[in-house]
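Below: one structure, written as structure tokens.
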Amino acid sequence: MSNNHLIVGLGGTGGKVIRELRKTIERNRDTKGNSPSEAHFEFAYLDTSEDVANESHEWDVLGKDVSLARAQRGTFPARGVLPILADPQSFPGMRDWIEPRNVFDFVDTGTAGASQRRKLGRLVFAQNATEIRKLLEDRLKELETASKSAQATIHVVCGLAGGTGSGFIVDTVAQLRALRPNDSDHRIMVYALLPDEGSSWGEAVAGHSTYYANGYAALAELNALGARSYHPINVADGRRMAASKYFNGCYLVNHINENKVRFGVKDEVPRIMAEFLYQKTLNQRWTALERAERGENDTNFIEMDDGQPARAKLFMTFGIKRVVVPEQEIREFMAYSFAEQATRQLMFNNFRQGEGYANEAVQKDWGSEARKPDVLQRLLLSDAHLTLDTGILEDDLKAGWKPVREYWQQIGSQLDAQIKADKTLKEADWIARLDNRMSEVYDDTFRRLGGVHKFYEVKDQARLEMARHIASTVEKDFFQRWSSGELSLMQLRQFSDALLANLAERKKEFEERVQRAGEAQERLKSEIAELARAFNDVGFLKRMVSDKRDTLFSEIRDKHQALYALRTLQKGHGFGARLLPLAMDLLTTLRGRIDHLHQQLERATASFGADKANRLREGDDPVYQQRIFDASAVKALMKDMTLNERDQLARTQQVRKAIIALGGSEVDGFDKLAQRVSDGALLNTLSQQAAAITEAAHTELAKNATPVLHVNIVERLARQYEGNAAATRSFVTKLYREAGSMAIFDEAEVNRVVPGNDGAARGRQQTICVMLPECEENRAFQQTLQQSFRDEKDPGTSETAILSGALPNEIVVMKVSSLMPARFLDSLKFLKGHYDGLLRDAKEAVLLHSEGRGDALPPLFARTGAQVQTLRNRKPQLLLARLLTMVSERSNPETGLQEWILKQMVDGRMRIHVLAGGASWTQVLEAPQTPTLQQAIDEAVTAAIAEQYRHIEKKNELHKQYNDMVNARLEAAQYNERDPEYMTLDAMGDTMKQLIGLPA
């Protein structure tokens, strides 16, 4: 058989099992992504709700998303059936079983799931049958293409208590068999979770719960499918389906095993079912399982009732127990521990000797840092930048502006030389010419933009672009310093706050400078006027014998330079005061982006802390799994890893690069990172990086310390049990107890001999497999364990296989009970009690079954010998009642339709009972009568024979009437001995003699 497996999950239980199986597959991959299993898996998940699919965090394994692709799942809300209910005749696949439609009156646009009603579940399936068939066919073809094999095992997983899984199961199996008719090439195995007694979901209807009744109804239909006594209507086209074997086996799973060990229904049981599926596919050398699933120990798969197929012996159950060095959990603990350290470094960058990275910032005077000239110059936040003493934008930098004071000094020097060189100009006019020319420059030619006023007016229009450039420069600087590991996010937050405080102060200072500039200008003008008077008072003689006038003119020139520089800077400070609010707003936004990433990392840290706290908790094992690990060794290794500052810094830098890579190759700031990094992506990246880093660190550190990964379970157990035979036996016995089949058996039913089934195997077949890995380092203890598993096996187990396990870190014990009819289940009586109760409610009875009320389905419980004899006597008793004229035909007085009635004398008065079956005597003879009416027929016939046919001649006369009827039927059938009606009458011969009282 190929190792191809299609897992079909139905409803919430099916979705959870698929999820746990995909997580199990992923957990067992090695560091290169290789799986120890050679199985090819494909998945199909059908549900009426998105609840399980939308639990995104539950589909993660160490940062890897293992959720299903859209092509692998179909969600079909129940509200979609409303058009069918309005017009069933237009839907051939539904019209023959949808009535009475009024049972669906509770369905509306707000109906959630299938409302715990099996028939609604079937209706949803039927409405979407074409799409479901296509999805299943696509998944099968995908599996066949990927594996290059046309064979596969199809595993259908569901719960039987709800409306979706329980309502979908029969049609899912039937459609799968229709898609793949060869039951050898495509085995179909069902895994059905039984309703758990005491569940909070078991809301009662008139004292009885659909939650439990659904379980019984679904088992009845699965049993009928397996017994080949029920062929469902094909919901795709309305025709009856036909198959010799719809499914090959059905595992029934309860939340309590045969040894009364309990499991959690919501979480543990889906994991157990997933683990069993995984181990089955991983360990295909367990040939006894193959034989059990094929039923090779019994050629009779069906229990018969009076020659009719009644109960399929295709039901099975399993148990599983793992003893494991929990390598994945250890990896996760180590990864989450390191991830906490990494996020702390990214957020705080505060390494403390003996502790590792702390969860708080390094203390620093960021106010002083924000005032350093070189810092402000680098961030384009110096006074020169903010006042445009130097350019901010690239084009302005290219323009080659001189600083304002230097600019006016240059202008003054140039004008000084020009004025003095102009021989046509009188010395007395020098000052006026200087003032006029400097004013022209100020008003018209400053930086080639039409003067100072015009320059700042033009630049005012580009303030937003300048603010953006400043913010971008700051962001790139911060991002570079964070990405290099120089500063943490908290340090950047503190630095941002200090910068914003500094800019707020400087804005106020700029505004004050603008106000004070007028007074300074007036002082300079006064000084220029005083110097001008002194310049003009210099007489001819002084001009001839000294350079007094030149000196005064130079002073006047300097004062003019200072005045125009002051006037220009006044404009510059005004511009800066207007630019700063824009820059501050954008830097506040940057601070918000840093906050955002910091908060994301805080949430990630909290998540890692919580996840770490849930790993390696001693004494917290689920029942189906026992973990063996050295917690002190794990913690010691993590301590060695945490306290090495140099190595930790290198490791956290690797994490930082991976986070930055999430933003793309061109990311250079927090904005792009914030846009592209979601909480989920951040968690996944941190998890994956942490996993890879800790794996590599373990490899290195384990050279000089106790390894905690890649440990053989046998070697680990030897430390605890070697040399203690009693403790070893106790350990093995406990494993067997907890690996018991996940169902409690009714031993009376198990041992019951059902009449008419001579030659069939009795009881249940049980097989056990122990997957025990090889251990070259301690072969002696490995052999001791082998012998203990042989010696302590469950009594009555037909076969125990001890095989070499595929995974060195685990021992797996699996038990399978097979060749069972459903009646072996102890809980079946409880389920039937609720089922029988709901059958008394007309609407609920219809909602329980795919078709009708389930009357035509064979019983799940075997009849006693007396019940079988009573059943055999039913037709002969009814025929005798007719021969004794107690049963006769009449026209119904109200409807005029023909019918058959029983006339019974009760206390001297005649009572009339209408028989089931309608107008045809053949149908009346075949139809089951109510227990009360059947009892009335039996009593009447017995009394009449005892009172009126005591004499042998009377008995012979009555028997002759029977013979005449049989012969008349043969004649009417033109002497066809294979005529069904004749064969039915003829088969009653011996029973008729017995009932009449004639010797055989």
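Naming scheme: A, B, ... for chains in displayed order of the structure tokens; residues 1 onward per chain; ligands 1 onward as shown.
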
Query raised in the report: region 356-360 of chain A: which residues within 9 Å, counting only C-alpha atoms, same-chain residues fewer than 6 positions away excluded, as a PyMOL selection string?
Result: chain A and resi 340-342+344-345+347-350+490+639+642-645+648

Restrict the selected residues to C-alpha atoms and save them as a compact mmCIF listing (two decimals), in the first residue's frame.
# COMPACT_ATOMS: atom_id res chain seq x y z
CA GLU A 340 12.99 37.44 25.24
CA GLN A 341 16.66 38.40 25.47
CA ALA A 342 16.72 39.52 21.84
CA ARG A 344 15.11 43.27 25.36
CA GLN A 345 18.30 44.10 23.50
CA MET A 347 14.23 47.65 23.12
CA PHE A 348 16.73 48.54 25.89
CA ASN A 349 20.27 47.41 24.98
CA ASN A 350 21.13 47.17 28.67
CA MET A 490 14.06 53.01 24.35
CA LYS A 639 22.41 30.57 31.38
CA THR A 642 22.60 34.35 28.07
CA LEU A 643 25.61 35.58 30.03
CA ASN A 644 28.07 35.77 27.13
CA GLU A 645 27.66 39.43 26.13
CA GLN A 648 24.58 37.50 22.61

Report task. Per DSSP on the backbone, filter region 644-866 of chain A down to the residues in helix (DSSP H, G or I) and report them as a PyMOL selection string. Result -> chain A and resi 645-661+670-676+679-701+713-721+725-738+747-750+776-791+822-824+828-839+842-848+865-866

Can you list, as a tab-separated table (two decimals) with all heavy atoms, in the first residue's frame, every protein, DNA or RNA residue that comes within 10 Å of Asn502 (chain A) when you count only C-alpha atoms, leaving out same-chain residues fewer than 4 positions away?
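Output below, filename out.tsv:
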chain	number	residue	atom	x	y	z
A	367	GLY	N	19.36	65.01	27.36
A	367	GLY	CA	19.23	66.45	27.13
A	367	GLY	C	20.53	67.07	26.67
A	367	GLY	O	20.55	67.90	25.74
A	368	SER	N	21.62	66.66	27.29
A	368	SER	CA	22.94	67.16	26.86
A	368	SER	C	23.28	66.65	25.47
A	368	SER	O	23.84	67.39	24.64
A	368	SER	CB	24.00	66.71	27.86
A	368	SER	OG	23.78	67.28	29.13
A	370	ALA	N	21.28	66.01	23.10
A	370	ALA	CA	20.48	66.71	22.09
A	370	ALA	C	20.96	68.14	21.85
A	370	ALA	O	20.48	68.80	20.92
A	370	ALA	CB	19.01	66.73	22.53
A	371	ARG	N	21.87	68.64	22.68
A	371	ARG	CA	22.39	70.01	22.51
A	371	ARG	C	23.79	70.05	21.92
A	371	ARG	O	24.32	71.13	21.65
A	371	ARG	CB	22.38	70.72	23.87
A	371	ARG	CG	21.00	71.11	24.32
A	371	ARG	CD	20.99	71.58	25.76
A	371	ARG	NE	19.70	72.16	26.13
A	371	ARG	CZ	18.59	71.47	26.39
A	371	ARG	NH1	18.64	70.16	26.32
A	371	ARG	NH2	17.47	72.08	26.69
A	496	SER	N	14.59	61.09	21.22
A	496	SER	CA	13.55	61.84	20.50
A	496	SER	C	12.90	62.85	21.43
A	496	SER	O	12.68	64.02	21.05
A	496	SER	CB	12.48	60.88	19.97
A	496	SER	OG	13.02	59.99	19.03
A	497	ASP	N	12.59	62.44	22.64
A	497	ASP	CA	11.96	63.35	23.59
A	497	ASP	C	12.89	64.52	23.91
A	497	ASP	O	12.44	65.68	24.00
A	497	ASP	CB	11.62	62.60	24.88
A	497	ASP	CG	10.49	61.60	24.69
A	497	ASP	OD1	9.76	61.72	23.70
A	497	ASP	OD2	10.35	60.70	25.55
A	498	ALA	N	14.19	64.23	24.06
A	498	ALA	CA	15.15	65.30	24.35
A	498	ALA	C	15.26	66.25	23.17
A	498	ALA	O	15.34	67.49	23.35
A	498	ALA	CB	16.51	64.68	24.67
A	506	ARG	N	14.15	76.11	21.48
A	506	ARG	CA	14.78	76.94	20.45
A	506	ARG	C	13.76	77.70	19.62
A	506	ARG	O	14.03	78.81	19.15
A	506	ARG	CB	15.68	76.06	19.57
A	506	ARG	CG	16.91	75.60	20.35
A	506	ARG	CD	17.63	74.48	19.66
A	506	ARG	NE	18.20	74.91	18.40
A	506	ARG	CZ	18.57	74.08	17.44
A	506	ARG	NH1	18.41	72.78	17.60
A	506	ARG	NH2	19.09	74.53	16.33
A	507	LYS	N	12.62	77.14	19.46
A	507	LYS	CA	11.54	77.89	18.77
A	507	LYS	C	11.22	79.16	19.55
A	507	LYS	O	11.10	80.26	18.98
A	507	LYS	CB	10.29	77.02	18.63
A	507	LYS	CG	9.10	77.75	18.01
A	507	LYS	CD	7.90	76.83	17.91
A	507	LYS	CE	6.69	77.56	17.31
A	507	LYS	NZ	6.21	78.65	18.18

**Report entry** In region 703-921 of chain A, DSSP strand (DSSP E) residues written as a PyMOL selection string
**Finding:** chain A and resi 765-772+799-804+810-820+887-891+898-906+909-914

**Report entry** Computed interatomic separation between CA of Asp826 (chain A) and CA of Ile744 (chain A) (Å)
**Finding:**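 Those two atoms sit 5.5 Å apart.
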
Give one line per residue of region 786-860 of chain A that approaches region 615-635 of chain A to at most 12 Å, naming the two atoms of the closest pair and their distance in Å to one decimal, counting only C-alpha atoms; sort by chain then ascending residue number and deliver it as a Markdown table.
| residue | atom | partner | partner_atom | distance |
| --- | --- | --- | --- | --- |
| A:Asn809 | CA | A:Ile628 | CA | 9.5 |
| A:Glu810 | CA | A:Arg627 | CA | 9.1 |
| A:Ile811 | CA | A:Gln626 | CA | 9.8 |
| A:Val812 | CA | A:Gln625 | CA | 9.2 |
| A:Val813 | CA | A:Tyr624 | CA | 9.9 |
| A:Met814 | CA | A:Tyr624 | CA | 10.6 |

Report summary line: If you count only C-alpha atoms, the residue of A:Glu953, A:Glu55, A:Glu303, A:Glu427 closest to Arg762 (chain A) turns out to be A:Glu303

Report summary line: Using only C-alpha atoms, the best pick from A:Ala421, A:Leu524, A:Leu590, A:Leu381 as closest to Leu492 (chain A) would be A:Leu590

Query - Neighbour list for Phe745 (chain A) as a list in words, cut-off 6 Å, only C-alpha atoms, skip fewer than 2 positions in-chain - result: Glu747, Phe824, Leu825 and Asp826 of chain A

Query - Neighbour list for Pro373 (chain A) as a VMD selection string, cut-off 12 Å, only C-alpha atoms, skip fewer than 4 positions in-chain - result: chain A and resid 368 to 369 377 to 385

Within 12 Å of region 704-726 of chain A, which residues of region 309-422 of chain A show up? Give each one with its shortest atom-to-atom distance in Å (one decimal) and the two atoms involved, counting only C-alpha atoms, rows by chain then rising residue number, as a Markdown table.
| residue | atom | partner | partner_atom | distance |
| --- | --- | --- | --- | --- |
| A:Arg322 | CA | A:Ile713 | CA | 10.8 |
| A:Val323 | CA | A:Ile713 | CA | 7.9 |
| A:Val324 | CA | A:Ile713 | CA | 6.5 |
| A:Val325 | CA | A:Ile713 | CA | 6.0 |
| A:Pro326 | CA | A:Leu709 | CA | 8.7 |
| A:Glu327 | CA | A:Leu709 | CA | 5.8 |
| A:Gln328 | CA | A:Leu709 | CA | 8.8 |
| A:Glu329 | CA | A:Leu709 | CA | 10.2 |
| A:Ile330 | CA | A:Leu709 | CA | 7.5 |
| A:Arg331 | CA | A:Leu709 | CA | 7.8 |
| A:Glu332 | CA | A:Leu709 | CA | 11.5 |
| A:Phe333 | CA | A:Val708 | CA | 11.4 |
| A:Met334 | CA | A:Val708 | CA | 10.3 |

Query raised in the report: Could you pull the residues within 9 Å of Glu275 (chain A), counting only C-alpha atoms, minus those fewer than 6 positions along the same chain, as a list in words?
Result: Glu20, Leu21, Thr24 and Ile320 of chain A

Please dump the current selection as a PDB file, in the first residue's frame; keep C-alpha atoms.
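Generated output (result.pdb):
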ATOM      1  CA  GLU A  20      -2.722  19.239  15.448  1.00  0.00           C
ATOM      2  CA  LEU A  21      -1.530  16.797  12.792  1.00  0.00           C
ATOM      3  CA  THR A  24       2.987  17.435  14.708  1.00  0.00           C
ATOM      4  CA  ILE A 320      -1.704   5.673  22.323  1.00  0.00           C
TER       5      ILE A 320
END

**Report entry** Selection near Pro795 (chain A), 12 Å with only C-alpha atoms, sequence-local residues under 6 positions removed, as a list in words
**Finding:**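 What passes the distance filter is Thr733, Tyr736, Arg737, Gln765, Gln766, Thr767 and Ile768 of chain A.
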
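If you look at CA of Glu555 (chain A) and CA of Ala529 (chain A), they are 11.4 Å away from each other.
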
Report task. Determine the nearest neighbour of Ala39 (chain A) from the options A:Ala112, A:Leu282, A:Val269, A:Val190, counting only C-alpha atoms. Result -> A:Leu282

**Report entry** Å distance separating CA of Ala943 (chain A) from CA of Gln877 (chain A), one decimal place
**Finding:**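 CA of Gln877 (chain A) lies 11.9 Å from CA of Ala943 (chain A).
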